[in-house]
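Read through the structure below, which is laid out as structure tokens, and then see the notes.
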Amino acid sequence: MEVKTGTLLSTINYPEDLKKYSEEELEQICQELRQYIIDVVSVNGGHFGASLGVVELTVALHYALNTPYDKLVWDVGHQAYGHKILTGRKDQFHTNRIINGISGFPKISESEYDTFGVGHSSTSISAALGMAVASHYKGEKDRQHVAVIGDGAMTAGLAFEGLNHAGIEKSNVLVILNDNCMSIDPNVGALKEYLTSITTSKSYNRFRDDVFNVLTKLSELGPNAQKYVKKIQKSIKGTLLKQSNLFEALNFRYFGPVDGHDVKRLAAIIKDLSAIPGPKLLHCVTVKGKGFALAEKDQTKWHAPGLFDKITGEIKKPIIDKPQPPKYQDVFGHTIVELAEANSKIVGITPAMPSGCSLNIMMKAMPERAFDVGIAEQHAVTFSAGLATQGLVPFCNIYSSFMQRAYDQVIHDVAIQNLNVVFCLDRAGLAGADGATHHGAYDLAFMRCIPNMIVASPMNEEELRNMMYTAQLENKGPFTIRYPRGNGMLPDWKRPLNELQVGKGRKVCDGEDVAILTIGHVGNFAVEACKELNSDGITPAHYDLRFVKPLDEELLHDVFTRFKNVITVEDGCLQGGMGSAVLEFMADNGYKSNVTRLGIPDEFIEHGEQPELWALCGYDTTAIIKAVKKIAVSRTTKIMAS
Ligand SMILES: Cc1ncc(C[n+]2csc(CCOP(=O)(O)OP(=O)(O)O)c2C)c(N)n1
């Protein structure tokens, strides 16, 4: 579907085209850019509110800076649609997040304007500082380095680490704090409260007006500018800011808060700040979802709403007449409440993903026992460890790929001390349109090599519930349960809770010629494959391992004694995952079967729909059938041959 651009935007493909327009015309360009994002995202999907909120900032940055010579780093990057459109990708924008199309996040390989690949949050300050120090080293004193970071992303330790370092470097870094009071859900924590107090404080605002009055004169002053810069520095030093402003205390020059939707003023300020050397922070106040009333009103829902009618705002849902299986995340959300009602030791923890992982159900039902700790995966894990030392049973829910952030905490704070923390890793396996940064490809491999750790993955909702039930029983130690994005298999999912024997798999169906070993949801692909193969006269056996650690050795002895051919299937990386575990078992026990491993190959898998990516990586139903057929001979052929 062709989406038309407004009259000014249609002439703009790169920032140099934008610069041909007068400051007075910037507002219209913003309007057209906003409309273009609405038009395309409504029919293609993707992140929505965040990009709408930074339309003015995006236009102002590309207008005032000399990109790509000046380095512009977007944090997370889910808000960079306007940036993509203004930097050579307007005509490809309709392919956003679609397989073989452009990425939903900035990506170095996609454009020279994308200075740093993102997707995970809070990297921008460190990355921009690295670039700034490199420029300083190379003598490129005129180059600007700008990190645009949201108030949500600012809650992460990594952001503080970057600020802490930048404060002692002389490098030219401008941090633009895009403060909209929102993460995906409402932002949390003391920093958020601090930012709100600055934004509403009368004395700060009076002071701000004084500073900006001097600042806006800078460009008119030409050679005298430096004198005024000194004056600003002096005036800043002498004010209340030095003592009471967090960023000033870290040696940043703090400017703001400013209205992040006043494009003309923003462009002028950014230009002026370019003349001030060293670390600076511009506090910019914006509204997430700006310009689309429903998105402004329900900002969490419109973070990434899916397809919608841009006139009525109705979010499109497929019409389905029979009951559907629930999302795994919702099974987690309801089951933790059910378990917590019976076990007063259970608490829930999420680093900034209450609606993403459905812990919001527990936050609503038992607010004193469920914690959103901000975008702080490392803290979430160590905080959980602390809770566990006191006899509580924390369920720490982290998206599989974000757990990569907290690996040392898992080993050092939880596993070495053998604490009973339950890790629920959502979005395990190929996550879909968010692409390489978000696929939960490595968890089976990185969790199973940790001593004391139990690693399980459910094939359906009932198994997820039973794994959660088992994990909270006395003294289980660290227990990981990983499950994918999307729906399970059982519309009647709410079945009685039962303890599972840790390290025990199950035989899904018996057969001959070849054994298929699966872990987790992909077991359902094998079930489908077996059905089709059976109708072709081929009868593989299928085992659902349930646990990659400990492995079900009895089951594996049985498999390797009976089968010369074994196929392993996992929604995870082939290097070090379940297939590797099975090969290790085979080698350690002197078996010599042929093992074919299906899973994610040793490369970064780009974005696309999950079924497209499963097929691409070769472990969907069709690929399993193909792998079996390569090995097994159908019963009819065997009968004919005998
Ligand atoms: C390490 C990490 N944890 C969690 C996320 C999921 N996530 C994506 S955007 C977002 C909220 C970011 O909030 P903010 O930085 O304020 O930007 P806004 O969406 O408000 O513009 C979160 C939690 C992530 N991308 N990276």
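Letters for chains follow the order of the structure tokens (A, B, ...), residue numbers begin at 1 for each chain, and ligand numbers begin at 1 in the order shown.
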(request) Please give me, as a PyMOL selection string, the residues lying within 6 Å of ligand 1 when counting only C-alpha atoms and all ligand atoms. (result) chain A and resi 50+76+119-121+149-153+180+182-184+352-353+375+402
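Residues surrounding range 318-322 of chain A within 12 Å are Gly306, Leu307, Phe308, Pro491 and Asp492 of chain A [only C-alpha atoms; sequence separation below 4 positions excluded].
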(request) Per DSSP on the backbone, filter range 283-337 of chain A down to the residues in alpha helix (DSSP H) and report them as a ChimeraX atom specification. (result) /A:293-297,328-337
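Among A:Val173, A:Val502, A:Leu72, A:Cys617, the residue with the shortest atom-to-atom distance to Ile108 in chain A, counting only C-alpha atoms, is A:Leu72.
Taking CA of Lys494 in chain A as the reference point, CA of Pro326 in chain A is found at 10.0 Å.
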(message) Need to verify the contact set: Lys288 in chain A, 10 Å, only C-alpha atoms, exclusion of same-chain residues closer than 2 positions in sequence. Can you return it as a list in words?
(response)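 So the residues in contact are Phe48, Gly49, Ala50, Ser51, Leu52, Gly53, Val54, Gln79, Asn178, Asp179, Asn180, Cys181, Met182, Ser183, Ile184, Val285, Thr286, Lys290, Gly291, Phe292, Ala295, Glu296, Lys297, Asp298, Gln299, Thr300, Trp302 and His303 of chain A.
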Expected file contents, prior selection, N, CA, C and O atoms, as a tab-separated table (two decimals), in the first residue's frame:
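Okay, this is what ended up in selection.tsv:
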```
chain	number	residue	atom	x	y	z
A	48	PHE	N	5.64	2.82	18.14
A	48	PHE	CA	4.84	3.94	17.67
A	48	PHE	C	5.04	5.19	18.51
A	48	PHE	O	5.59	6.20	18.05
A	49	GLY	N	4.62	5.14	19.78
A	49	GLY	CA	4.58	6.35	20.61
A	49	GLY	C	5.94	7.03	20.74
A	49	GLY	O	6.03	8.27	20.74
A	50	ALA	N	7.00	6.24	20.86
A	50	ALA	CA	8.32	6.82	21.12
A	50	ALA	C	8.78	7.69	19.95
A	50	ALA	O	9.32	8.79	20.15
A	51	SER	N	8.58	7.21	18.72
A	51	SER	CA	9.00	8.01	17.56
A	51	SER	C	8.17	9.28	17.43
A	51	SER	O	8.70	10.34	17.07
A	52	LEU	N	6.86	9.17	17.72
A	52	LEU	CA	6.03	10.38	17.64
A	52	LEU	C	6.52	11.44	18.63
A	52	LEU	O	6.51	12.63	18.34
A	53	GLY	N	6.97	10.97	19.78
A	53	GLY	CA	7.40	11.91	20.83
A	53	GLY	C	8.67	12.67	20.50
A	53	GLY	O	8.92	13.73	21.07
A	54	VAL	N	9.49	12.13	19.61
A	54	VAL	CA	10.76	12.81	19.32
A	54	VAL	C	10.82	13.39	17.91
A	54	VAL	O	11.91	13.66	17.39
A	79	GLN	N	12.84	4.67	18.92
A	79	GLN	CA	12.27	5.99	18.65
A	79	GLN	C	12.89	6.64	17.41
A	79	GLN	O	12.69	7.81	17.15
A	178	ASN	N	15.64	12.62	26.96
A	178	ASN	CA	14.27	12.73	26.45
A	178	ASN	C	13.31	12.26	27.54
A	178	ASN	O	13.05	11.07	27.69
A	179	ASP	N	12.81	13.21	28.28
A	179	ASP	CA	12.05	12.90	29.49
A	179	ASP	C	10.55	12.97	29.19
A	179	ASP	O	9.98	14.05	29.04
A	180	ASN	N	9.95	11.78	29.09
A	180	ASN	CA	8.50	11.75	28.87
A	180	ASN	C	7.79	11.02	30.02
A	180	ASN	O	6.63	10.63	29.90
A	181	CYS	N	8.52	10.79	31.10
A	181	CYS	CA	7.98	10.12	32.30
A	181	CYS	C	7.56	8.69	32.04
A	181	CYS	O	6.89	8.09	32.87
A	182	MET	N	7.88	8.18	30.88
A	182	MET	CA	7.45	6.82	30.57
A	182	MET	C	8.64	5.95	30.22
A	182	MET	O	9.60	6.41	29.60
A	183	SER	N	8.54	4.69	30.61
A	183	SER	CA	9.38	3.66	30.03
A	183	SER	C	8.41	3.00	29.04
A	183	SER	O	7.75	3.74	28.30
A	184	ILE	N	8.30	1.67	28.99
A	184	ILE	CA	7.16	1.12	28.24
A	184	ILE	C	5.92	1.31	29.12
A	184	ILE	O	4.90	1.83	28.70
A	285	VAL	N	11.76	17.91	27.67
A	285	VAL	CA	10.51	17.31	28.12
A	285	VAL	C	9.59	17.06	26.92
A	285	VAL	O	9.29	18.00	26.16
A	286	THR	N	9.18	15.83	26.74
A	286	THR	CA	8.33	15.49	25.60
A	286	THR	C	7.13	14.66	26.05
A	286	THR	O	7.09	14.18	27.18
A	290	LYS	N	3.02	11.89	21.07
A	290	LYS	CA	2.59	13.25	20.71
A	290	LYS	C	1.94	13.30	19.31
A	290	LYS	O	2.49	12.81	18.33
A	291	GLY	N	0.77	13.90	19.26
A	291	GLY	CA	0.11	14.13	17.98
A	291	GLY	C	-0.88	13.06	17.59
A	291	GLY	O	-1.57	13.18	16.58
A	292	PHE	N	-0.97	11.98	18.37
A	292	PHE	CA	-1.98	10.96	18.12
A	292	PHE	C	-2.68	10.76	19.46
A	292	PHE	O	-2.13	10.13	20.38
A	295	ALA	N	-2.65	7.66	21.57
A	295	ALA	CA	-1.30	7.25	22.00
A	295	ALA	C	-0.79	8.12	23.13
A	295	ALA	O	-0.03	7.68	23.98
A	296	GLU	N	-1.23	9.38	23.15
A	296	GLU	CA	-0.85	10.26	24.26
A	296	GLU	C	-1.55	9.81	25.54
A	296	GLU	O	-1.01	9.92	26.63
A	297	LYS	N	-2.77	9.29	25.36
A	297	LYS	CA	-3.59	8.95	26.53
A	297	LYS	C	-3.20	7.61	27.14
A	297	LYS	O	-3.06	7.49	28.35
A	298	ASP	N	-3.03	6.60	26.29
A	298	ASP	CA	-2.67	5.27	26.82
A	298	ASP	C	-1.31	4.90	26.25
A	298	ASP	O	-1.19	4.17	25.27
A	299	GLN	N	-0.28	5.43	26.90
A	299	GLN	CA	1.05	5.37	26.30
A	299	GLN	C	1.63	3.95	26.30
A	299	GLN	O	2.41	3.61	25.41
A	300	THR	N	1.26	3.14	27.27
A	300	THR	CA	1.79	1.77	27.30
A	300	THR	C	1.21	0.96	26.14
A	300	THR	O	1.94	0.29	25.41
A	302	TRP	N	0.13	2.01	23.38
A	302	TRP	CA	0.55	2.50	22.07
A	302	TRP	C	2.08	2.53	21.91
A	302	TRP	O	2.60	3.12	20.99
A	303	HIS	N	2.76	1.87	22.84
A	303	HIS	CA	4.22	1.74	22.68
A	303	HIS	C	4.51	0.98	21.37
A	303	HIS	O	5.32	1.39	20.56
```
(message) Can you pull out the residues contacting range 443-457 of chain A? Cut-off 7 Å, using only C-alpha atoms, and skip same-chain residues under 5 positions away; I want them as number ranges by chain.
(response) A: 400, 411, 415, 418, 477-483, 519-520, 546-550, 572, 576-578
Need the shell around Leu8 in chain A: protein/DNA/RNA residues with any atom at most 12 Å away, counting only C-alpha atoms. Skip same-chain ones fewer than 4 positions apart. Format as a PDB file with N, CA, C and O atoms, in the first residue's frame?
```
ATOM      1  N   LYS A   4       1.435   8.352   0.938  1.00  0.00           N
ATOM      2  CA  LYS A   4       1.936   9.611   0.360  1.00  0.00           C
ATOM      3  C   LYS A   4       2.621  10.445   1.440  1.00  0.00           C
ATOM      4  O   LYS A   4       2.221  10.435   2.606  1.00  0.00           O
ATOM      5  N   ILE A  12      12.459  15.840   0.846  1.00  0.00           N
ATOM      6  CA  ILE A  12      13.572  15.607   1.785  1.00  0.00           C
ATOM      7  C   ILE A  12      13.939  14.128   1.826  1.00  0.00           C
ATOM      8  O   ILE A  12      13.107  13.279   2.176  1.00  0.00           O
ATOM      9  N   ASN A  13      15.163  13.837   1.457  1.00  0.00           N
ATOM     10  CA  ASN A  13      15.652  12.467   1.586  1.00  0.00           C
ATOM     11  C   ASN A  13      16.813  12.366   2.559  1.00  0.00           C
ATOM     12  O   ASN A  13      17.049  11.312   3.140  1.00  0.00           O
ATOM     13  N   ASP A  17      18.832  18.106   2.541  1.00  0.00           N
ATOM     14  CA  ASP A  17      17.586  18.629   1.959  1.00  0.00           C
ATOM     15  C   ASP A  17      16.793  19.397   3.021  1.00  0.00           C
ATOM     16  O   ASP A  17      16.187  20.425   2.739  1.00  0.00           O
ATOM     17  N   LEU A  18      16.831  18.874   4.229  1.00  0.00           N
ATOM     18  CA  LEU A  18      16.116  19.513   5.343  1.00  0.00           C
ATOM     19  C   LEU A  18      16.681  20.907   5.596  1.00  0.00           C
ATOM     20  O   LEU A  18      15.951  21.872   5.852  1.00  0.00           O
ATOM     21  N   LYS A  19      17.981  21.011   5.488  1.00  0.00           N
ATOM     22  CA  LYS A  19      18.660  22.275   5.806  1.00  0.00           C
ATOM     23  C   LYS A  19      18.325  23.385   4.820  1.00  0.00           C
ATOM     24  O   LYS A  19      18.585  24.558   5.095  1.00  0.00           O
ATOM     25  N   LYS A  20      17.758  23.022   3.665  1.00  0.00           N
ATOM     26  CA  LYS A  20      17.401  24.054   2.675  1.00  0.00           C
ATOM     27  C   LYS A  20      16.174  24.851   3.140  1.00  0.00           C
ATOM     28  O   LYS A  20      15.860  25.895   2.604  1.00  0.00           O
ATOM     29  N   TYR A  21      15.458  24.311   4.098  1.00  0.00           N
ATOM     30  CA  TYR A  21      14.242  24.998   4.551  1.00  0.00           C
ATOM     31  C   TYR A  21      14.559  25.990   5.666  1.00  0.00           C
ATOM     32  O   TYR A  21      15.544  25.842   6.392  1.00  0.00           O
ATOM     33  N   SER A  22      13.685  27.009   5.773  1.00  0.00           N
ATOM     34  CA  SER A  22      13.889  28.010   6.822  1.00  0.00           C
ATOM     35  C   SER A  22      13.400  27.462   8.160  1.00  0.00           C
ATOM     36  O   SER A  22      12.623  26.493   8.200  1.00  0.00           O
ATOM     37  N   GLU A  25       9.772  26.919   8.506  1.00  0.00           N
ATOM     38  CA  GLU A  25       9.110  25.785   7.838  1.00  0.00           C
ATOM     39  C   GLU A  25       9.278  24.459   8.601  1.00  0.00           C
ATOM     40  O   GLU A  25       8.683  23.447   8.240  1.00  0.00           O
ATOM     41  N   LEU A  26      10.096  24.501   9.647  1.00  0.00           N
ATOM     42  CA  LEU A  26      10.371  23.237  10.359  1.00  0.00           C
ATOM     43  C   LEU A  26       9.118  22.628  10.972  1.00  0.00           C
ATOM     44  O   LEU A  26       8.955  21.412  11.024  1.00  0.00           O
ATOM     45  N   GLU A  27       8.224  23.497  11.429  1.00  0.00           N
ATOM     46  CA  GLU A  27       7.018  22.973  12.066  1.00  0.00           C
ATOM     47  C   GLU A  27       6.191  22.148  11.095  1.00  0.00           C
ATOM     48  O   GLU A  27       5.695  21.075  11.426  1.00  0.00           O
ATOM     49  N   GLN A  28       6.079  22.651   9.881  1.00  0.00           N
ATOM     50  CA  GLN A  28       5.306  21.894   8.879  1.00  0.00           C
ATOM     51  C   GLN A  28       5.995  20.563   8.557  1.00  0.00           C
ATOM     52  O   GLN A  28       5.348  19.526   8.393  1.00  0.00           O
ATOM     53  N   ILE A  29       7.316  20.626   8.496  1.00  0.00           N
ATOM     54  CA  ILE A  29       8.049  19.374   8.222  1.00  0.00           C
ATOM     55  C   ILE A  29       7.777  18.364   9.338  1.00  0.00           C
ATOM     56  O   ILE A  29       7.554  17.178   9.078  1.00  0.00           O
ATOM     57  N   CYS A  30       7.758  18.861  10.565  1.00  0.00           N
ATOM     58  CA  CYS A  30       7.467  17.960  11.698  1.00  0.00           C
ATOM     59  C   CYS A  30       6.079  17.340  11.545  1.00  0.00           C
ATOM     60  O   CYS A  30       5.887  16.140  11.755  1.00  0.00           O
ATOM     61  N   GLN A  31       5.137  18.179  11.182  1.00  0.00           N
ATOM     62  CA  GLN A  31       3.760  17.677  11.028  1.00  0.00           C
ATOM     63  C   GLN A  31       3.713  16.573   9.982  1.00  0.00           C
ATOM     64  O   GLN A  31       3.087  15.537  10.168  1.00  0.00           O
ATOM     65  N   GLU A  32       4.407  16.829   8.862  1.00  0.00           N
ATOM     66  CA  GLU A  32       4.387  15.845   7.773  1.00  0.00           C
ATOM     67  C   GLU A  32       5.126  14.565   8.160  1.00  0.00           C
ATOM     68  O   GLU A  32       4.707  13.464   7.801  1.00  0.00           O
ATOM     69  N   LEU A  33       6.208  14.721   8.892  1.00  0.00           N
ATOM     70  CA  LEU A  33       6.974  13.546   9.326  1.00  0.00           C
ATOM     71  C   LEU A  33       6.131  12.705  10.292  1.00  0.00           C
ATOM     72  O   LEU A  33       6.057  11.476  10.180  1.00  0.00           O
ATOM     73  N   TYR A  36       3.507  10.869   8.412  1.00  0.00           N
ATOM     74  CA  TYR A  36       4.082   9.759   7.639  1.00  0.00           C
ATOM     75  C   TYR A  36       4.328   8.546   8.548  1.00  0.00           C
ATOM     76  O   TYR A  36       4.033   7.403   8.179  1.00  0.00           O
ATOM     77  N   LEU A  86      14.488  10.586   7.623  1.00  0.00           N
ATOM     78  CA  LEU A  86      15.240  11.779   7.190  1.00  0.00           C
ATOM     79  C   LEU A  86      16.652  11.445   6.718  1.00  0.00           C
ATOM     80  O   LEU A  86      17.397  12.328   6.301  1.00  0.00           O
TER      81      LEU A  86
END
```
(message) Considering only C-alpha atoms, can you say which of A:Asp513, A:Glu463, A:Glu474, A:Glu584 comes closest to Val393 in chain A?
(response)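 Under the stated criterion, the closest residue is A:Glu474.
Rounded to one decimal, CA of Lys138 in chain A and CA of Gly117 in chain A lie 22.6 Å from each other.
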(request) Check the smallest atom-to-atom distance from each of A:Asn172, A:Gln329, A:Asn534, A:Gln404 to His439 in chain A using only C-alpha atoms, then report the winner. (result)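 Distance minimum relative to His439 in chain A lands on A:Gln404.
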(request) Name the closest residue to Gly432 in chain A among the candidates A:Lys280, A:His607, A:Lys507, A:Lys626; distances are taken between atoms, counting only C-alpha atoms. (result)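 The closest residue to Gly432 in chain A is A:His607.
Using only C-alpha atoms, the shortest contact distance between Arg465 in chain A and any of A:His334, A:His438, A:Arg427, A:Arg143 is found at A:His334.
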Just the strand (DSSP E or B) stuff from range 88-298 of chain A, please, per backbone DSSP, written as a compact mmCIF listing (two decimals) with N, CA, C and O atoms, in the first residue's frame.
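So out19.txt came out as:
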```
# COMPACT_ATOMS: atom_id res chain seq x y z
N HIS A 145 29.15 14.98 19.39
CA HIS A 145 28.75 13.60 19.71
C HIS A 145 27.54 13.69 20.61
O HIS A 145 27.63 14.22 21.72
N VAL A 146 26.43 13.21 20.11
CA VAL A 146 25.16 13.42 20.83
C VAL A 146 24.51 12.08 21.15
O VAL A 146 24.32 11.25 20.25
N ALA A 147 24.20 11.88 22.41
CA ALA A 147 23.45 10.68 22.82
C ALA A 147 22.03 11.12 23.17
O ALA A 147 21.85 12.02 23.99
N VAL A 148 21.04 10.48 22.54
CA VAL A 148 19.65 10.78 22.90
C VAL A 148 19.12 9.62 23.73
O VAL A 148 19.00 8.50 23.24
N ILE A 149 18.83 9.87 24.97
CA ILE A 149 18.46 8.78 25.89
C ILE A 149 17.18 9.13 26.64
O ILE A 149 17.01 10.26 27.11
N GLY A 150 16.29 8.17 26.75
CA GLY A 150 15.01 8.40 27.45
C GLY A 150 15.18 8.33 28.95
O GLY A 150 16.17 7.78 29.47
N VAL A 173 30.71 15.82 24.50
CA VAL A 173 29.52 14.95 24.49
C VAL A 173 28.31 15.75 24.92
O VAL A 173 28.34 16.44 25.93
N LEU A 174 27.26 15.63 24.14
CA LEU A 174 25.98 16.21 24.55
C LEU A 174 25.00 15.07 24.79
O LEU A 174 24.72 14.28 23.88
N VAL A 175 24.52 14.95 26.01
CA VAL A 175 23.49 13.96 26.31
C VAL A 175 22.15 14.68 26.27
O VAL A 175 21.97 15.69 26.97
N ILE A 176 21.26 14.19 25.43
CA ILE A 176 19.91 14.77 25.43
C ILE A 176 18.99 13.80 26.16
O ILE A 176 18.80 12.65 25.72
N LEU A 177 18.49 14.23 27.29
CA LEU A 177 17.62 13.38 28.09
C LEU A 177 16.18 13.63 27.63
O LEU A 177 15.63 14.71 27.84
N ASN A 178 15.64 12.62 26.96
CA ASN A 178 14.27 12.73 26.45
C ASN A 178 13.31 12.26 27.54
O ASN A 178 13.05 11.07 27.69
N ASP A 179 12.81 13.21 28.28
CA ASP A 179 12.05 12.90 29.49
C ASP A 179 10.55 12.97 29.19
O ASP A 179 9.98 14.05 29.04
N MET A 182 7.88 8.18 30.88
CA MET A 182 7.45 6.82 30.57
C MET A 182 8.64 5.95 30.22
O MET A 182 9.60 6.41 29.60
N PRO A 186 4.72 3.10 32.92
CA PRO A 186 5.17 4.33 33.58
C PRO A 186 6.56 4.12 34.20
O PRO A 186 6.83 3.07 34.79
N ARG A 253 27.43 20.00 32.28
CA ARG A 253 26.68 21.26 32.32
C ARG A 253 25.24 20.95 31.96
O ARG A 253 24.97 20.38 30.90
N TYR A 254 24.37 21.28 32.88
CA TYR A 254 22.96 20.92 32.73
C TYR A 254 22.18 22.08 32.13
O TYR A 254 22.27 23.21 32.61
N PHE A 255 21.42 21.81 31.08
CA PHE A 255 20.54 22.82 30.49
C PHE A 255 19.13 22.28 30.43
O PHE A 255 18.91 21.15 30.00
N GLY A 256 18.21 23.08 30.84
CA GLY A 256 16.83 22.63 30.75
C GLY A 256 16.08 22.91 32.03
O GLY A 256 16.59 23.60 32.89
N PRO A 257 14.87 22.37 32.13
CA PRO A 257 14.18 21.58 31.11
C PRO A 257 13.64 22.46 29.98
O PRO A 257 13.25 23.61 30.23
N VAL A 258 13.64 21.90 28.76
CA VAL A 258 13.09 22.65 27.62
C VAL A 258 11.92 21.88 27.02
O VAL A 258 11.82 20.67 27.19
N ASP A 259 11.09 22.61 26.34
CA ASP A 259 9.93 22.00 25.67
C ASP A 259 10.42 21.24 24.43
O ASP A 259 10.86 21.84 23.45
N LYS A 280 27.86 17.91 28.36
CA LYS A 280 26.68 18.75 28.59
C LYS A 280 25.44 17.86 28.58
O LYS A 280 25.45 16.83 27.89
N LEU A 281 24.42 18.27 29.29
CA LEU A 281 23.16 17.52 29.26
C LEU A 281 22.00 18.48 29.02
O LEU A 281 21.88 19.49 29.71
N LEU A 282 21.23 18.16 28.00
CA LEU A 282 20.04 18.96 27.72
C LEU A 282 18.81 18.14 28.13
O LEU A 282 18.56 17.05 27.60
N HIS A 283 18.09 18.66 29.08
CA HIS A 283 16.90 17.98 29.59
C HIS A 283 15.67 18.44 28.80
O HIS A 283 15.26 19.60 28.89
N CYS A 284 15.14 17.51 28.05
CA CYS A 284 14.11 17.85 27.08
C CYS A 284 12.81 17.17 27.50
O CYS A 284 12.78 15.96 27.69
N VAL A 285 11.76 17.91 27.67
CA VAL A 285 10.51 17.31 28.12
C VAL A 285 9.59 17.06 26.92
O VAL A 285 9.29 18.00 26.16
```
(request) Please measure the separation of CA of Gly278 in chain A and CA of Leu158 in chain A, giving the value in Å to one decimal. (result)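 Computed distance, CA of Gly278 in chain A to CA of Leu158 in chain A, equals 20.1 Å.
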(message) List as a VMD selection string the protein and nucleic acid residues near Tyr63 in chain A, meaning an atom at most 9 Å away when only C-alpha atoms are counted, but skip any in the same chain fewer than 3 places from it.
(response) chain A and resid 15 to 16 18 to 19 23 26 58 to 60 66 to 67 267 271
Include all heavy atoms and write out the residues we just selected as a short mmCIF file (atom, residue, chain, number, x, y, z; two decimals), in the first residue's frame.
```cif
data_model
loop_
_atom_site.label_atom_id
_atom_site.label_comp_id
_atom_site.auth_asym_id
_atom_site.auth_seq_id
_atom_site.Cartn_x
_atom_site.Cartn_y
_atom_site.Cartn_z
N PRO A 15 19.47 14.89 5.44
CA PRO A 15 19.52 16.12 6.21
C PRO A 15 19.90 17.35 5.38
O PRO A 15 19.43 18.45 5.66
CB PRO A 15 20.59 15.82 7.26
CG PRO A 15 20.51 14.34 7.46
CD PRO A 15 20.19 13.78 6.11
N GLU A 16 20.70 17.17 4.34
CA GLU A 16 21.06 18.34 3.53
C GLU A 16 19.82 18.95 2.86
O GLU A 16 19.75 20.17 2.65
CB GLU A 16 22.14 17.99 2.50
CG GLU A 16 21.67 17.08 1.39
CD GLU A 16 22.74 16.13 0.88
OE1 GLU A 16 23.46 15.54 1.70
OE2 GLU A 16 22.84 15.98 -0.36
N LEU A 18 16.83 18.87 4.23
CA LEU A 18 16.12 19.51 5.34
C LEU A 18 16.68 20.91 5.60
O LEU A 18 15.95 21.87 5.85
CB LEU A 18 16.28 18.63 6.59
CG LEU A 18 15.79 19.13 7.93
CD1 LEU A 18 14.26 19.22 7.92
CD2 LEU A 18 16.23 18.20 9.06
N LYS A 19 17.98 21.01 5.49
CA LYS A 19 18.66 22.27 5.81
C LYS A 19 18.32 23.39 4.82
O LYS A 19 18.59 24.56 5.10
CB LYS A 19 20.17 22.06 5.85
CG LYS A 19 20.60 21.26 7.08
CD LYS A 19 22.10 21.22 7.20
CE LYS A 19 22.53 20.65 8.52
NZ LYS A 19 22.92 19.27 8.51
N GLU A 23 13.82 28.10 9.24
CA GLU A 23 13.38 27.67 10.58
C GLU A 23 11.86 27.69 10.67
O GLU A 23 11.25 26.87 11.34
CB GLU A 23 13.96 28.61 11.64
CG GLU A 23 15.41 28.35 11.90
CD GLU A 23 16.01 29.38 12.84
OE1 GLU A 23 15.25 30.15 13.44
OE2 GLU A 23 17.24 29.40 12.95
N LEU A 26 10.10 24.50 9.65
CA LEU A 26 10.37 23.24 10.36
C LEU A 26 9.12 22.63 10.97
O LEU A 26 8.96 21.41 11.02
CB LEU A 26 11.43 23.46 11.45
CG LEU A 26 12.83 23.81 10.95
CD1 LEU A 26 13.80 23.96 12.12
CD2 LEU A 26 13.36 22.77 9.96
N THR A 58 14.12 15.12 16.55
CA THR A 58 14.80 14.50 15.41
C THR A 58 15.07 15.55 14.33
O THR A 58 16.19 15.65 13.80
CB THR A 58 13.92 13.37 14.83
OG1 THR A 58 13.58 12.49 15.88
CG2 THR A 58 14.63 12.62 13.73
N VAL A 59 14.03 16.32 14.01
CA VAL A 59 14.19 17.33 12.96
C VAL A 59 15.21 18.37 13.42
O VAL A 59 16.12 18.76 12.66
CB VAL A 59 12.83 17.99 12.63
CG1 VAL A 59 12.99 19.22 11.75
CG2 VAL A 59 11.91 16.97 11.96
N ALA A 60 15.10 18.80 14.68
CA ALA A 60 16.02 19.82 15.19
C ALA A 60 17.46 19.32 15.15
O ALA A 60 18.38 20.06 14.78
CB ALA A 60 15.63 20.20 16.61
N ASN A 66 25.73 18.57 11.92
CA ASN A 66 26.26 18.21 10.61
C ASN A 66 26.39 16.69 10.55
O ASN A 66 27.49 16.15 10.52
CB ASN A 66 27.62 18.92 10.45
CG ASN A 66 28.28 18.58 9.14
OD1 ASN A 66 27.60 18.16 8.19
ND2 ASN A 66 29.60 18.71 9.08
N THR A 67 25.25 15.99 10.57
CA THR A 67 25.30 14.52 10.50
C THR A 67 25.59 14.11 9.05
O THR A 67 25.20 14.82 8.14
CB THR A 67 23.96 13.90 10.93
OG1 THR A 67 22.91 14.46 10.14
CG2 THR A 67 23.68 14.12 12.39
N ALA A 267 16.25 23.55 17.81
CA ALA A 267 17.34 23.64 16.81
C ALA A 267 18.32 24.71 17.23
O ALA A 267 19.55 24.51 17.15
CB ALA A 267 16.75 23.93 15.42
N LYS A 271 22.27 24.03 18.33
CA LYS A 271 23.35 24.74 17.63
C LYS A 271 24.24 25.45 18.66
O LYS A 271 25.47 25.37 18.62
CB LYS A 271 22.75 25.78 16.69
CG LYS A 271 23.27 25.63 15.28
CD LYS A 271 22.63 26.62 14.35
CE LYS A 271 22.31 25.88 13.07
NZ LYS A 271 21.34 26.48 12.23
#
```
